[in-house]
Protein chains: 2
Amino acid sequence: VAFHGVGAAGKGRLAGELLRELDPRGFAVHTVKEASDDEQLRPYLWRFWKNLPEAGRLAVFLSSWYSSALNREKGCNSPREREALAERINIFERQLTDGGYAIIKFYLLISEDEQRKRFEALESDPDTSWRVTKQDMRDLDKHDKLLTTASDLIDTTNTPSAPWVVLPADNWRFATMTMLRAVADRLHAAVTAHVNPPAAPQTESAPLGPSVLDATDLSLTIDREAYEKELDELQERLRLLQFRIYRKRVPVAIAFEGWDAAGKGGSIKRLVRTLDPRGFDVIPIAAPTPWEKNRHYLWRFWTQAPRAGHIAVFDRTWYGRVLVERVEGFCPPADWERAYREICEMEKDWSDAGTIIFKFWMHISKDEQLRRFQAREATPEKSWKITEEDYRNREKWDLYKDAVEAMVQRTSTEYAPWTVVESDSKWYARLKVLRTVVEGLEKRV
Amino acid sequence: VAFHGVGAAGKGRLAGELLRELDPRGFAVHTVKEASDDEQLRPYLWRFWKNLPEAGRLAVFLSSWYSSALNREKGCNSPREREALAERINIFERQLTDGGYAIIKFYLLISEDEQRKRFEALESDPDTSWRVTKQDMRDLDKHDKLLTTASDLIDTTNTPSAPWVVLPADNWRFATMTMLRAVADRLHAAVTAHVNPPAAPQTESAPLGPSVLDATDLSLTIDREAYEKELDELQERLRLLQFRIYRKRVPVAIAFEGWDAAGKGGSIKRLVRTLDPRGFDVIPIAAPTPWEKNRHYLWRFWTQAPRAGHIAVFDRTWYGRVLVERVEGFCPPADWERAYREICEMEKDWSDAGTIIFKFWMHISKDEQLRRFQAREATPEKSWKITEEDYRNREKWDLYKDAVEAMVQRTSTEYAPWTVVESDSKWYARLKVLRTVVEGLEKRV
């Protein structure tokens, strides 16, 4: 539930009316202020994703993801910027409601006279005068102009799944009643839809092109001497690039997916080996924990969106949705089918915020995988890496292969392309990963 | 592992040498900068508690909890302030090492000439010149003075469980070798101690005084009319106090413990009913999750330390350590025995940072509890609150009572006193809680 409105419109008081009778252990209130240092380093929506409530809980925002447009923050002054924001917000809210969240947004409307009166009352008491800022007084003079901006934005973001309710807040009793009724109706509808979910629309996905994986030449290899020479050279170039990334405040995301034992870990190690440890994070992604499962599946990735000037390396990624979750049936087909688009939208959002994105599929043959499993089992300090589950996954090789094909073809975009890495030769694979990153960064930073 | 030293001493490079051969999924690097907005609102150590690694993982700090003294941050300029910080740090590190953490701290020592040379080299390249700040240049002129400050601090915080290693960093090879050997030795010792833990020293706790609980008059009650009148009046006073708390940036912690069905929830609800929801959080504490169990037991409370200007209400608290964990044997006696002191130290730390702390034990008779259990079971929308576990806990009433006595007597301090609330009458109890908070705040804010 999000409350908006000019200063002293009564956002806090109205939120209080909503929450008064609720068990305080079941809700959290988030006040949106100017972006903190940490928030400034991430894509705009990061701070809202971060505060997404768990299933069964209520989050109240005062105000919300609209604040940068409604409060004319830096970078959101022109109609075009507001339009771009509205588009991102519509995507954000659609993803949430498709993921089962109920959203309702209120705009409190007060007259200029009433606002002035309230400011005066607040200012007359030393315990409340801090609530009226200079910005508030400047805004008061632009009361009508702000209203026009707000109504344009409200109009373009008033979707069936995340509707706006405008409340005339001069009249307190009416505003409160309308708000309470709107929340009750919305929650009632959401609970009903949860108990009897509407049939998911049949989506017809575009047919895939010729196999990308089959076209991969797994015989590619390199000899040790050439490997070591080029490795040193690429690592040194990357080390220097890291300074430039930091200086220019560029966020970088490097995503690794691949067959079990394809060599993700080894490639990541060579990638970060010469980097300053302050400038990168390696983020291992395992099966979601209960508290992650209780939120939108993108939540745990959004909260780890790379910081400006830093490199985030994901060891397995958000593509779990269309790989393991699809193949093992951990989510209904409609959910993973929708995910191709949602994932591209997330990557687009990060990219629009300046993030450079690399995605690697580490590809090996089924025979090579078996050799590596057996080699690991024969090595005492590595044998713990191989479990029965690895063999079970191996039995579903063809199903996984279909999922990988669909993933690579449907989520390769200009802003976040896939690189299929021929990995039967570990040396070849490591160099290709490094070379792709180094050349990509040199071109773009 | 924490690295310190003047600018360009090579902290990042040395951390790199440590991490180079490690699996990047097993460590995290934390760079300590000026406190962020969020950090400024909390006690100083909050940001380090927040980044405490899980069991089995390595956290590298560049620099660490020493930074505010070593870098002469605001509020840590005088010898006396540094001494106070050293004391807090010694407590912090003792708590961690007693909790099974291994700590090692490095100070990189370079000569003034060498530092100047390194700055010049960095400045000559546009990709690295940003690394030399104006503060660095000012510090260079005070090279010797900074060193004296550092060595005093190192001396007073060089404990057997968290030793300092000073590395002459002009000679890179020697510094690297010494660092690697020191880390390896420390980890080896920690693993050995973990496998063969030394016998916990027998602590003789002071005998308790006469029973506080038995002296409680549970017949205290109030009639409805008087209850409603005083409730309204106290809630209104608290509502006004909240503004003052915010304006003066006072953090407030209100901790609730009590018998099952003693009325914690109802008291909390009346407490926050008229408050602006932006200014308080109600934090329910359940059994620790796996990721909480993998850290120091105070971690999940430290990370929730109240923000300046806000009220944090804890529904059950850190006292679980000396109540349920003691009675049910969830931790060895030496652990909960040590906890009385550790908990007081945490509260003292919060208090020194300006936090006003209230602690309530909601006390009811065993008969009253049974009546409430039965009443809940007879009420359809409340019956889920009563489980077999509640009855099992009830059988251990006397053991819990002993634990409560010890807790109240051993952790009642001037800065964080216990209030035992006679709760057989719900109305009486709610008013006593509210009155204690309101009068306490009026006196102190």
# chains A, B, ... in the order shown; residues from 1 in each chain; ligands from 1
>>> select_by_dssp(residues="region 138-282 of chain B", states="helix (DSSP H, G or I)", output="JSON, numbers by chain")
{"B": [138, 139, 140, 141, 143, 144, 145, 146, 147, 148, 149, 150, 151, 152, 153, 154, 155, 156, 172, 173, 174, 175, 176, 177, 178, 179, 180, 181, 182, 183, 184, 185, 186, 187, 188, 189, 190, 191, 192, 193, 194, 195, 224, 225, 226, 227, 228, 229, 230, 231, 232, 233, 234, 235, 236, 237, 238, 239, 240, 241, 242, 243, 244, 245, 246, 247, 264, 265, 266, 267, 268, 269, 270, 271, 272, 277, 278, 279]}
>>> interface_residues(of="chain B", to="chain A", cutoff="7 Å", atoms="only C-alpha atoms", output="MDAnalysis selection string")
chainID B and resid 12:13 15:16 20 23:25 28:31 36:37 127:128 130 243:244 247 269 273 276:278 281:284
>>> residues_around(residues="Asn90 (chain A)", least_positions_apart="6", cutoff="12 Å", atoms="only C-alpha atoms", output="ChimeraX atom specification")
/A:45,65-66,83-84,96-98,103,153-163,345
>>> write_last_selection(atoms="N, CA, C and O atoms", output="short mmCIF file (atom, residue, chain, number, x, y, z; two decimals), in the first residue's frame")
data_model
loop_
_atom_site.label_atom_id
_atom_site.label_comp_id
_atom_site.auth_asym_id
_atom_site.auth_seq_id
_atom_site.Cartn_x
_atom_site.Cartn_y
_atom_site.Cartn_z
N LEU A 45 15.06 1.23 -8.88
CA LEU A 45 14.04 0.40 -8.23
C LEU A 45 14.62 -0.52 -7.15
O LEU A 45 13.87 -1.15 -6.40
N TRP A 65 7.85 4.28 -5.13
CA TRP A 65 8.62 4.34 -6.36
C TRP A 65 8.20 5.52 -7.24
O TRP A 65 8.87 5.82 -8.19
N TYR A 66 7.10 6.17 -6.87
CA TYR A 66 6.70 7.36 -7.62
C TYR A 66 7.40 8.60 -7.12
O TYR A 66 7.31 9.65 -7.73
N GLU A 83 8.00 10.02 -18.30
CA GLU A 83 7.39 8.98 -19.12
C GLU A 83 8.20 7.68 -19.04
O GLU A 83 7.64 6.59 -18.91
N ALA A 84 9.53 7.83 -19.10
CA ALA A 84 10.39 6.65 -19.00
C ALA A 84 10.19 5.97 -17.64
O ALA A 84 10.13 4.75 -17.54
N LEU A 96 5.15 -7.65 -10.14
CA LEU A 96 4.73 -7.96 -8.77
C LEU A 96 3.34 -8.58 -8.76
O LEU A 96 3.11 -9.60 -8.09
N THR A 97 2.41 -7.98 -9.46
CA THR A 97 1.04 -8.51 -9.40
C THR A 97 0.98 -9.87 -10.08
O THR A 97 0.30 -10.78 -9.59
N ASP A 98 1.72 -10.06 -11.17
CA ASP A 98 1.78 -11.40 -11.77
C ASP A 98 2.38 -12.40 -10.78
O ASP A 98 2.08 -13.60 -10.83
N ILE A 103 -1.43 -4.72 -4.94
CA ILE A 103 -0.90 -3.36 -4.84
C ILE A 103 -2.06 -2.38 -4.86
O ILE A 103 -2.98 -2.52 -5.65
N LEU A 153 1.01 11.54 -14.28
CA LEU A 153 1.69 10.29 -13.90
C LEU A 153 0.67 9.25 -13.42
O LEU A 153 0.76 8.07 -13.75
N ILE A 154 -0.28 9.71 -12.64
CA ILE A 154 -1.32 8.80 -12.14
C ILE A 154 -2.07 8.19 -13.31
O ILE A 154 -2.35 6.99 -13.33
N ASP A 155 -2.34 9.01 -14.31
CA ASP A 155 -3.09 8.53 -15.46
C ASP A 155 -2.33 7.43 -16.20
O ASP A 155 -2.90 6.40 -16.55
N THR A 156 -1.03 7.62 -16.42
CA THR A 156 -0.28 6.62 -17.20
C THR A 156 0.10 5.39 -16.39
O THR A 156 0.58 4.42 -16.94
N THR A 157 -0.10 5.42 -15.10
CA THR A 157 0.27 4.25 -14.30
C THR A 157 -0.93 3.65 -13.58
O THR A 157 -0.78 2.90 -12.62
N ASN A 158 -2.11 3.97 -14.06
CA ASN A 158 -3.33 3.47 -13.43
C ASN A 158 -3.75 2.18 -14.13
O ASN A 158 -4.57 2.19 -15.03
N THR A 159 -3.17 1.06 -13.72
CA THR A 159 -3.42 -0.21 -14.40
C THR A 159 -4.46 -1.01 -13.62
O THR A 159 -4.65 -0.78 -12.42
N PRO A 160 -5.13 -1.96 -14.27
CA PRO A 160 -6.14 -2.75 -13.56
C PRO A 160 -5.55 -3.49 -12.37
O PRO A 160 -6.20 -3.62 -11.33
N SER A 161 -4.31 -3.94 -12.49
CA SER A 161 -3.76 -4.73 -11.39
C SER A 161 -3.17 -3.87 -10.29
O SER A 161 -2.95 -4.34 -9.18
N ALA A 162 -2.88 -2.61 -10.58
CA ALA A 162 -2.31 -1.72 -9.56
C ALA A 162 -2.96 -0.35 -9.67
O ALA A 162 -2.34 0.62 -10.10
N PRO A 163 -4.21 -0.26 -9.26
CA PRO A 163 -4.97 0.96 -9.48
C PRO A 163 -4.61 2.09 -8.52
O PRO A 163 -4.11 1.86 -7.43
N GLU A 345 13.32 -7.88 -18.90
CA GLU A 345 12.96 -6.56 -18.35
C GLU A 345 13.90 -6.16 -17.22
O GLU A 345 14.31 -5.01 -17.12
#
